[in-house]
$ cat work.cif   # mmCIF, C-alpha atoms
data_query
#
loop_
_atom_site.label_atom_id
_atom_site.label_comp_id
_atom_site.auth_asym_id
_atom_site.auth_seq_id
_atom_site.Cartn_x
_atom_site.Cartn_y
_atom_site.Cartn_z
CA MET N 1 -1.83 -20.16 50.31
CA GLU N 2 -4.89 -18.80 48.48
CA GLN N 3 -2.63 -16.90 46.06
CA ASP N 4 -0.57 -20.03 45.44
CA LEU N 5 -3.76 -21.98 44.67
CA GLU N 6 -4.92 -19.28 42.22
CA LEU N 7 -1.54 -19.30 40.49
CA TYR N 8 -1.56 -23.11 40.33
CA GLU N 9 -5.01 -23.06 38.73
CA LYS N 10 -3.86 -20.54 36.10
CA VAL N 11 -0.81 -22.64 35.22
CA HIS N 12 -2.93 -25.80 35.18
CA ILE N 13 -5.48 -24.32 32.79
CA ALA N 14 -2.76 -22.87 30.57
CA TRP N 15 -0.98 -26.24 30.43
CA LEU N 16 -4.15 -28.10 29.46
CA TYR N 17 -4.95 -25.54 26.76
CA TYR N 18 -1.55 -24.85 25.20
CA MET N 19 0.36 -28.08 25.88
CA GLU N 20 -2.33 -30.78 25.85
CA ASN N 21 -4.49 -29.02 23.23
CA LEU N 22 -7.76 -29.35 25.15
CA THR N 23 -10.54 -26.99 24.14
CA GLN N 24 -11.85 -24.43 26.60
CA SER N 25 -15.07 -26.43 26.91
CA GLU N 26 -13.14 -29.63 27.68
CA ILE N 27 -11.10 -27.85 30.34
CA ALA N 28 -14.26 -26.41 31.90
CA ASP N 29 -15.85 -29.87 32.09
CA ARG N 30 -12.71 -31.46 33.55
CA LEU N 31 -12.22 -28.80 36.25
CA GLY N 32 -15.87 -28.07 37.02
CA LEU N 33 -15.68 -24.48 35.75
CA THR N 34 -17.66 -22.50 33.24
CA ARG N 35 -16.19 -21.94 29.78
CA LEU N 36 -16.22 -18.17 30.46
CA MET N 37 -14.08 -18.69 33.60
CA VAL N 38 -11.56 -20.71 31.57
CA HIS N 39 -11.48 -18.06 28.84
CA ARG N 40 -10.87 -15.24 31.37
CA THR N 41 -8.12 -17.25 33.08
CA LEU N 42 -6.32 -17.78 29.76
CA GLN N 43 -6.58 -14.06 29.04
CA LYS N 44 -5.04 -13.28 32.45
CA CYS N 45 -2.20 -15.71 31.74
CA LEU N 46 -1.33 -13.71 28.64
CA GLN N 47 -1.77 -10.31 30.31
CA GLU N 48 0.34 -11.25 33.33
CA GLY N 49 3.13 -12.82 31.28
CA LEU N 50 2.59 -16.37 32.49
CA VAL N 51 2.20 -17.37 28.84
CA HIS N 52 4.18 -16.02 25.89
CA ILE N 53 3.10 -16.89 22.36
CA VAL N 54 5.95 -17.01 19.83
CA ILE N 55 5.34 -17.38 16.11
CA ASN N 56 8.54 -18.94 14.80
CA HIS N 57 8.78 -17.73 11.19
CA PRO N 58 10.79 -15.00 9.40
CA LEU N 59 7.57 -13.43 8.13
CA VAL N 60 6.80 -12.38 11.70
CA TYR N 61 9.47 -9.68 11.31
CA CYS N 62 7.77 -8.47 8.13
CA GLN N 63 4.46 -8.35 10.01
CA SER N 64 6.11 -6.30 12.76
CA LEU N 65 7.43 -3.79 10.21
CA GLY N 66 3.97 -3.55 8.66
CA SER N 67 2.38 -2.84 12.04
CA GLN N 68 4.94 -0.11 12.70
CA LEU N 69 4.24 1.51 9.32
CA GLU N 70 0.51 1.44 10.05
CA SER N 71 1.07 3.09 13.42
CA VAL N 72 3.54 5.76 12.27
CA PHE N 73 1.58 6.83 9.18
CA GLY N 74 -2.00 6.01 10.18
CA LEU N 75 -2.44 3.50 7.37
CA LYS N 76 -5.31 1.08 6.94
CA SER N 77 -2.83 -1.66 6.10
CA ALA N 78 0.84 -2.18 5.37
CA TRP N 79 1.99 -5.41 3.74
CA VAL N 80 5.74 -6.05 3.96
CA ILE N 81 7.37 -8.90 2.05
CA PRO N 82 10.94 -10.26 2.26
CA THR N 83 13.44 -8.29 0.19
CA SER N 84 14.94 -9.98 -2.85
CA PRO N 85 18.41 -8.94 -4.07
CA ASP N 86 17.07 -9.21 -7.63
CA TYR N 87 14.97 -6.11 -8.30
CA GLU N 88 13.00 -7.83 -11.07
CA VAL N 89 12.04 -10.62 -8.66
CA LEU N 90 11.14 -8.09 -5.98
CA ARG N 91 8.94 -6.16 -8.37
CA ARG N 92 7.18 -9.35 -9.45
CA ASN N 93 6.60 -10.40 -5.83
CA LEU N 94 5.21 -6.97 -4.93
CA GLY N 95 2.89 -7.14 -7.92
CA THR N 96 1.66 -10.61 -7.00
CA ILE N 97 0.77 -9.65 -3.42
CA ALA N 98 -0.76 -6.32 -4.45
CA ALA N 99 -2.89 -8.03 -7.11
CA ARG N 100 -4.52 -10.23 -4.46
CA LEU N 101 -5.19 -7.30 -2.13
CA VAL N 102 -6.59 -5.06 -4.84
CA GLY N 103 -8.71 -7.92 -6.16
CA ARG N 104 -10.33 -8.28 -2.74
CA ALA N 105 -11.21 -4.58 -2.70
CA VAL N 106 -13.11 -4.72 -6.00
CA ALA N 107 -16.82 -5.53 -6.04
CA SER N 108 -19.74 -4.90 -8.36
CA GLY N 109 -20.06 -1.21 -9.16
CA THR N 110 -16.49 -0.33 -8.13
CA ILE N 111 -14.59 2.37 -10.01
CA VAL N 112 -10.85 1.61 -9.95
CA GLY N 113 -8.28 4.33 -10.64
CA VAL N 114 -4.97 3.10 -12.04
CA GLY N 115 -1.58 4.79 -12.21
CA TRP N 116 1.42 3.74 -14.26
CA GLY N 117 4.84 2.12 -13.98
CA THR N 118 6.59 -1.23 -14.23
CA THR N 119 5.52 -2.38 -10.75
CA LEU N 120 1.88 -1.59 -11.50
CA ALA N 121 2.23 -3.52 -14.75
CA GLU N 122 3.14 -6.51 -12.56
CA VAL N 123 0.01 -5.92 -10.48
CA ALA N 124 -2.09 -5.94 -13.64
CA ARG N 125 -0.35 -9.09 -14.88
CA HIS N 126 -1.10 -11.04 -11.69
CA LEU N 127 -4.69 -10.00 -11.08
CA LEU N 128 -6.97 -13.03 -10.89
CA ARG N 129 -9.59 -12.90 -13.59
CA LYS N 130 -12.95 -12.03 -12.07
CA SER N 131 -16.26 -11.00 -13.47
CA HIS N 132 -18.17 -8.37 -11.51
CA ASP N 133 -21.14 -6.33 -12.63
CA ASN N 134 -20.57 -2.74 -13.69
CA VAL N 135 -16.86 -2.36 -12.77
CA THR N 136 -15.06 0.61 -14.30
CA VAL N 137 -11.31 1.15 -14.64
CA VAL N 138 -9.96 4.63 -15.30
CA SER N 139 -6.38 5.80 -15.76
CA LEU N 140 -5.37 8.48 -13.28
CA LEU N 141 -3.02 10.47 -15.51
CA GLY N 142 -1.90 11.13 -19.04
CA GLY N 143 0.43 8.88 -20.95
CA LEU N 144 3.96 8.80 -22.29
CA ILE N 145 4.87 8.90 -25.96
CA LYS N 146 7.30 6.02 -25.51
CA SER N 147 5.61 2.72 -24.68
CA ALA N 148 7.28 -0.01 -22.64
CA GLY N 149 4.31 -1.93 -21.26
CA ASN N 150 4.14 0.40 -18.26
CA ASN N 151 2.24 3.32 -19.75
CA SER N 152 -0.89 4.52 -17.98
CA TYR N 153 -3.29 3.42 -20.70
CA GLU N 154 -1.56 0.02 -21.09
CA VAL N 155 -1.73 -0.73 -17.36
CA ALA N 156 -5.35 0.41 -17.16
CA LEU N 157 -6.30 -1.82 -20.11
CA GLN N 158 -4.64 -4.85 -18.50
CA VAL N 159 -6.43 -4.22 -15.19
CA ALA N 160 -9.76 -3.76 -16.99
CA ASP N 161 -9.25 -6.99 -18.94
CA ALA N 162 -8.61 -8.97 -15.73
CA LEU N 163 -11.63 -7.47 -14.00
CA ASP N 164 -13.90 -7.74 -17.05
CA ALA N 165 -14.41 -3.99 -16.74
CA VAL N 166 -15.03 -0.99 -18.98
CA CYS N 167 -11.84 1.06 -19.36
CA TYR N 168 -11.49 4.83 -19.67
CA SER N 169 -8.12 6.26 -20.64
CA TYR N 170 -6.82 9.71 -19.80
CA MET N 171 -6.34 10.62 -23.47
CA ALA N 172 -3.66 13.26 -23.06
CA PRO N 173 0.11 13.38 -22.62
CA MET N 174 1.50 13.19 -19.08
CA PHE N 175 3.48 16.41 -19.53
CA VAL N 176 2.89 19.36 -21.85
CA GLU N 177 4.95 22.41 -22.77
CA SER N 178 3.27 25.01 -20.56
CA ALA N 179 0.71 25.62 -17.84
CA GLU N 180 -1.49 27.26 -20.50
CA ASP N 181 -1.45 24.07 -22.59
CA ARG N 182 -2.39 22.07 -19.50
CA ASP N 183 -5.31 24.36 -18.67
CA ALA N 184 -6.59 24.17 -22.25
CA ILE N 185 -6.55 20.36 -22.22
CA LEU N 186 -8.26 20.24 -18.82
CA ARG N 187 -11.16 22.18 -20.32
CA LEU N 188 -11.82 19.47 -22.92
CA ARG N 189 -15.09 17.65 -22.37
CA HIS N 190 -13.66 14.11 -22.50
CA ILE N 191 -10.94 14.99 -19.98
CA GLN N 192 -13.55 16.45 -17.63
CA ALA N 193 -15.59 13.24 -17.98
CA VAL N 194 -12.55 11.16 -17.00
CA GLN N 195 -11.86 13.41 -14.02
CA ASP N 196 -15.46 13.02 -12.89
CA LEU N 197 -15.02 9.23 -12.94
CA ILE N 198 -11.82 9.56 -10.92
CA ARG N 199 -13.62 11.62 -8.28
CA ARG N 200 -16.14 8.78 -7.92
CA ALA N 201 -13.51 6.03 -7.61
CA SER N 202 -13.34 4.02 -4.39
CA VAL N 203 -10.11 2.11 -5.18
CA ALA N 204 -6.85 3.38 -6.66
CA ILE N 205 -3.48 1.74 -7.40
CA VAL N 206 -0.42 3.97 -7.61
CA GLY N 207 3.35 3.70 -7.69
CA VAL N 208 5.92 6.00 -6.11
CA GLY N 209 8.83 7.41 -8.08
CA GLU N 210 12.10 8.83 -6.78
CA VAL N 211 13.67 12.01 -8.16
CA SER N 212 17.09 11.44 -9.70
CA ALA N 213 18.91 11.65 -13.01
CA ASP N 214 18.25 7.91 -13.36
CA CYS N 215 14.55 7.87 -12.45
CA THR N 216 12.08 6.33 -14.90
CA LEU N 217 10.65 9.66 -16.07
CA ALA N 218 14.15 10.92 -16.86
CA ARG N 219 15.14 7.72 -18.65
CA MET N 220 11.94 7.59 -20.71
CA GLY N 221 12.15 11.20 -21.82
CA PRO N 222 9.41 13.37 -20.27
CA LEU N 223 11.84 14.95 -17.81
CA SER N 224 14.90 16.70 -19.18
CA ALA N 225 18.15 17.04 -17.26
CA ALA N 226 17.15 20.66 -16.59
CA ASP N 227 13.77 19.49 -15.21
CA VAL N 228 15.46 17.04 -12.84
CA ASP N 229 17.89 19.73 -11.73
CA SER N 230 15.09 22.19 -10.98
CA LEU N 231 13.16 19.52 -9.06
CA LEU N 232 16.16 18.65 -6.91
CA LYS N 233 16.86 22.33 -6.21
CA ALA N 234 13.21 22.77 -5.15
CA GLY N 235 13.58 19.89 -2.68
CA ALA N 236 11.55 17.28 -4.59
CA VAL N 237 12.26 13.71 -3.51
CA ALA N 238 9.29 11.82 -4.94
CA ASP N 239 6.41 11.82 -7.35
CA ILE N 240 2.95 10.34 -7.02
CA LEU N 241 1.23 10.21 -10.41
CA GLY N 242 3.62 12.90 -11.66
CA ASN N 243 2.91 15.21 -8.71
CA PHE N 244 6.33 16.09 -7.29
CA ILE N 245 6.60 16.40 -3.52
CA ASP N 246 9.24 17.19 -0.91
CA LYS N 247 10.31 15.01 2.02
CA ASN N 248 7.29 16.20 4.03
CA GLY N 249 4.84 15.16 1.32
CA GLN N 250 4.08 18.70 0.14
CA LEU N 251 3.97 19.76 -3.50
CA VAL N 252 7.06 21.68 -4.52
CA GLU N 253 6.76 24.97 -6.37
CA VAL N 254 8.32 24.10 -9.69
CA ASP N 255 7.36 24.49 -13.33
CA VAL N 256 7.01 20.73 -13.88
CA ASN N 257 4.08 20.55 -11.44
CA GLN N 258 2.26 23.12 -13.58
CA ARG N 259 2.69 21.08 -16.77
CA VAL N 260 1.50 17.65 -15.69
CA LEU N 261 -1.90 16.23 -16.63
CA THR N 262 -2.82 14.03 -13.72
CA THR N 263 -5.04 13.53 -10.70
CA ASP N 264 -4.44 16.17 -8.03
CA LEU N 265 -3.26 14.85 -4.69
CA GLU N 266 -6.26 16.45 -2.95
CA VAL N 267 -8.54 14.38 -5.21
CA LEU N 268 -6.49 11.25 -4.51
CA LYS N 269 -6.94 11.81 -0.77
CA GLU N 270 -10.71 11.54 -1.20
CA ILE N 271 -10.51 8.00 -2.64
CA ASP N 272 -11.33 5.45 0.07
CA ASN N 273 -8.68 2.84 -0.68
CA VAL N 274 -5.44 4.02 -2.29
CA PHE N 275 -2.88 1.22 -2.66
CA ALA N 276 0.78 2.19 -3.16
CA VAL N 277 2.87 -0.64 -4.58
CA THR N 278 6.57 0.14 -4.43
CA GLY N 279 9.88 -1.11 -3.08
CA GLY N 280 13.65 -0.99 -3.25
CA LEU N 281 16.08 0.87 -1.00
CA LYS N 282 16.65 3.65 -3.53
CA LYS N 283 13.00 4.59 -3.10
CA ALA N 284 12.98 4.72 0.70
CA GLN N 285 13.00 8.51 0.97
CA ALA N 286 10.42 8.79 -1.81
CA ILE N 287 8.14 6.29 -0.08
CA SER N 288 8.53 8.15 3.21
CA ALA N 289 7.45 11.37 1.48
CA ALA N 290 4.50 9.65 -0.19
CA LEU N 291 3.29 8.26 3.13
CA ARG N 292 3.66 11.69 4.73
CA SER N 293 1.50 13.22 1.98
CA GLY N 294 -1.62 11.61 3.44
CA CYS N 295 -2.66 10.22 0.04
CA ILE N 296 -1.85 6.58 0.75
CA ASP N 297 -4.16 4.23 2.68
CA ASN N 298 -2.43 0.91 2.04
CA ILE N 299 1.16 0.11 1.12
CA ILE N 300 2.82 -3.00 -0.24
CA THR N 301 6.61 -2.84 0.07
CA ASP N 302 9.65 -4.90 1.12
CA ALA N 303 11.40 -5.39 4.47
CA GLN N 304 14.67 -3.52 3.87
CA THR N 305 12.80 -0.55 2.42
CA ALA N 306 10.30 -0.56 5.29
CA GLU N 307 13.18 -0.55 7.79
CA GLN N 308 14.74 2.47 6.10
CA VAL N 309 11.41 4.33 5.86
CA LEU N 310 10.86 3.81 9.59
CA GLN N 311 14.42 4.93 10.32
CA LEU N 312 13.79 8.17 8.39
CA ASN N 313 10.73 8.84 10.54
CA ARG N 314 12.12 8.05 13.99
CA PRO N 315 12.20 11.04 16.34
CA PHE N 316 15.70 12.19 17.25
#
$ encode --input "work.cif" --output "structure tokens"
Amino acid sequence: MEQDLELYEKVHIAWLYYMENLTQSEIADRLGLTRLMVHRTLQKCLQEGLVHIVINHPLVYCQSLGSQLESVFGLKSAWVIPTSPDYEVLRRNLGTIAARLVGRAVASGTIVGVGWGTTLAEVARHLLRKSHDNVTVVSLLGGLIKSAGNNSYEVALQVADALDAVCYSYMAPMFVESAEDRDAILRLRHIQAVQDLIRRASVAIVGVGEVSADCTLARMGPLSAADVDSLLKAGAVADILGNFIDKNGQLVEVDVNQRVLTTDLEVLKEIDNVFAVTGGLKKAQAISAALRSGCIDNIITDAQTAEQVLQLNRPF
């Protein structure tokens, strides 16, 4: 009988709280209990399964995927949005969400490292204009000869304009002819100054590229067909800032990785808040590799891609 009375009291309190919308204080006054007793009873109702809370919205599934990504890869945050069949729309939506999140991470004195790519150009385009004291934006890698609004210096300038910040560009090409050329450029004083700024950055925004004959770097010219072939043979599936990695997130031993002027992945790992903004099913394996690299703290992606990334990382 005592157990029945305890169960009745739990159900009664839960009904008053969830169905009649009384506050915990109002329930305590009505039943002659303390507010703490009411709070503990409601907690027990949830723990024991007497009450189930259901959020009835499709975005709940996206939230679930984000939580799984956070758990599997040890991320600070994973933001998953609904997938659009139109890749241009998807890219714009990713950029809009990422712009809000990055904007929140920027405060006075922040140094922001910026990568390149069409999705990051959308991030820059949708950043809310803010004025902070002493904000610095620095590009994280060299640029491309061909400009299409997605070059590293163009994206960095757009981000700096939105944040009312000073902008430093990585004044060098993304890829050079040889490792010797790369080493010579890295010795230049202005390049060393940019790299010092990057090492002091607390926020970074990067994209993730896939490795294929149709990838952006191949279409825009820096990578030849022979380069793509050698990358594929070496097991490369992705690039982060022009650093080519395998499915486990490790740099592949290939000539292209010796000719790129960019931020090393070990330096990127030291930045507190690295945001990866990327989506689309064709990039699922690349995104999986990027998350495995340990360089990414926060990801903004879409639901179908998140599903596939999780599928690639399920134990068999």
$ residues_around --input "work.cif" --residues "Gln63 in chain N" --least-positions-apart "2" --cutoff "10 Å" --atoms "only C-alpha atoms" --output "JSON, numbers by chain"
{"N": [58, 59, 60, 61, 65, 66, 67, 68, 69, 78, 79, 80, 81, 303]}
$ closest_atom_pairs --input "work.cif" --of "range 152-252 of chain N" --to "range 90-96 of chain N" --cutoff "12 Å" --atoms "all atoms listed in the file" --output "Markdown table"
| residue | atom | partner | partner_atom | distance |
| --- | --- | --- | --- | --- |
| N:Ile205 | CA | N:Gly95 | CA | 10.9 |
| N:Val206 | CA | N:Gly95 | CA | 11.6 |
| N:Gly207 | CA | N:Gly95 | CA | 10.9 |
$ write_last_selection --input "work.cif" --atoms "C-alpha atoms" --output "PDB file, keeping the file's coordinate frame"
ATOM      1  CA  ILE N 205      -3.480   1.740  -7.400  1.00  0.00           C
ATOM      2  CA  VAL N 206      -0.420   3.970  -7.610  1.00  0.00           C
ATOM      3  CA  GLY N 207       3.350   3.700  -7.690  1.00  0.00           C
TER       4      GLY N 207
END
$ closest_atom_pairs --input "work.cif" --of "range 155-225 of chain N" --to "range 278-288 of chain N" --cutoff "7 Å" --atoms "all atoms listed in the file" --output "CSV"
residue,atom,partner,partner_atom,distance
N:Gly207,CA,N:Thr278,CA,5.8
N:Val208,CA,N:Thr278,CA,6.1
N:Gly209,CA,N:Ala286,CA,6.6
N:Glu210,CA,N:Ala286,CA,5.2
$ residues_around --input "work.cif" --residues "Glu177 in chain N" --least-positions-apart "6" --cutoff "12 Å" --atoms "all atoms listed in the file" --output "short mmCIF file (atom, residue, chain, number, x, y, z; two decimals) with C-alpha atoms, in the coordinates of the input"
data_model
loop_
_atom_site.label_atom_id
_atom_site.label_comp_id
_atom_site.auth_asym_id
_atom_site.auth_seq_id
_atom_site.Cartn_x
_atom_site.Cartn_y
_atom_site.Cartn_z
CA ASP N 183 -5.31 24.36 -18.67
CA ALA N 184 -6.59 24.17 -22.25
CA ILE N 185 -6.55 20.36 -22.22
CA PRO N 222 9.41 13.37 -20.27
CA LEU N 223 11.84 14.95 -17.81
CA ASP N 227 13.77 19.49 -15.21
CA ASP N 255 7.36 24.49 -13.33
CA VAL N 256 7.01 20.73 -13.88
CA ASN N 257 4.08 20.55 -11.44
CA GLN N 258 2.26 23.12 -13.58
CA ARG N 259 2.69 21.08 -16.77
CA VAL N 260 1.50 17.65 -15.69
CA LEU N 261 -1.90 16.23 -16.63
#
$ resolve_selection --input "work.cif" --expression "the PyMOL selection byres ((chain N and resi 148-163) around 9)" --output "ChimeraX atom specification"
/N:103,106,112-132,135-147,164-171
$ residues_around --input "work.cif" --residues "Gln43 in chain N" --least-positions-apart "4" --cutoff "12 Å" --atoms "only C-alpha atoms" --output "PyMOL selection string"
chain N and resi 10+13-14+17+24+36-39+47-52
$ closest_residue --input "work.cif" --among "N:Leu197, N:Ile271, N:Cys62, N:Leu46" --to "Thr305 in chain N" --atoms "all atoms listed in the file"
N:Cys62
$ atom_distance --input "work.cif" --atom1 "CA of Ala226 in chain N" --atom2 "CA of Val252 in chain N"
15.8 Å
$ atom_distance --input "work.cif" --atom1 "CA of Leu291 in chain N" --atom2 "CA of Ala179 in chain N"
27.3 Å
$ atom_distance --input "work.cif" --atom1 "CA of Cys295 in chain N" --atom2 "CA of Ser230 in chain N"
24.1 Å
$ resolve_selection --input "work.cif" --expression "the PyMOL selection byres ((chain N and resi 264) around 10)" --output "list in words"
Leu140, Leu141, Gln195, Ile240, Leu241, Gly242, Asn243, Val260, Leu261, Thr262, Thr263, Leu265, Glu266, Val267, Leu268 and Lys269 of chain N
$ residues_around --input "work.cif" --residues "Val237 in chain N" --least-positions-apart "3" --cutoff "8 Å" --atoms "all atoms listed in the file" --output "NGL selection string"
:N and (210-211 or 232 or 244-247 or 285-286 or 289)
$ write_last_selection --input "work.cif" --atoms "C-alpha atoms" --output "mmCIF file, keeping the file's coordinate frame"
data_model
loop_
_atom_site.group_PDB
_atom_site.id
_atom_site.type_symbol
_atom_site.label_atom_id
_atom_site.label_comp_id
_atom_site.auth_asym_id
_atom_site.auth_seq_id
_atom_site.Cartn_x
_atom_site.Cartn_y
_atom_site.Cartn_z
ATOM 1 C CA GLU N 210 12.100 8.830 -6.780
ATOM 2 C CA VAL N 211 13.670 12.010 -8.160
ATOM 3 C CA LEU N 232 16.160 18.650 -6.910
ATOM 4 C CA PHE N 244 6.330 16.090 -7.290
ATOM 5 C CA ILE N 245 6.600 16.400 -3.520
ATOM 6 C CA ASP N 246 9.240 17.190 -0.910
ATOM 7 C CA LYS N 247 10.310 15.010 2.020
ATOM 8 C CA GLN N 285 13.000 8.510 0.970
ATOM 9 C CA ALA N 286 10.420 8.790 -1.810
ATOM 10 C CA ALA N 289 7.450 11.370 1.480
#
$ closest_residue --input "work.cif" --among "N:Val203, N:Val228, N:Leu188, N:Leu310" --to "Leu101 in chain N" --atoms "only C-alpha atoms"
N:Val203
$ closest_residue --input "work.cif" --among "N:Gly109, N:Gly294, N:Gly74, N:Pro173" --to "Gln250 in chain N" --atoms "only C-alpha atoms"
N:Gly294
$ closest_residue --input "work.cif" --among "N:Met174, N:Ala290, N:Val102, N:Ala201" --to "Ala236 in chain N" --atoms "all atoms listed in the file"
N:Ala290
$ closest_residue --input "work.cif" --among "N:Phe73, N:Leu217, N:Ala105, N:Asp272" --to "Gly249 in chain N" --atoms "only C-alpha atoms"
N:Phe73
$ axis_aligned_box --input "work.cif" --around "range 238-257 of chain N" --padding-each-side "4 Å" --output "lines of an AutoDock Vina configuration file"
center_x = 5.8
center_y = 17.6
center_z = -4.9
size_x = 17.1
size_y = 22.8
size_z = 25.9
$ resolve_selection --input "work.cif" --expression "the PyMOL selection byres ((chain N and resi 273) around 8)" --output "PyMOL selection string"
chain N and resi 202-204+271-272+274-275+296-298
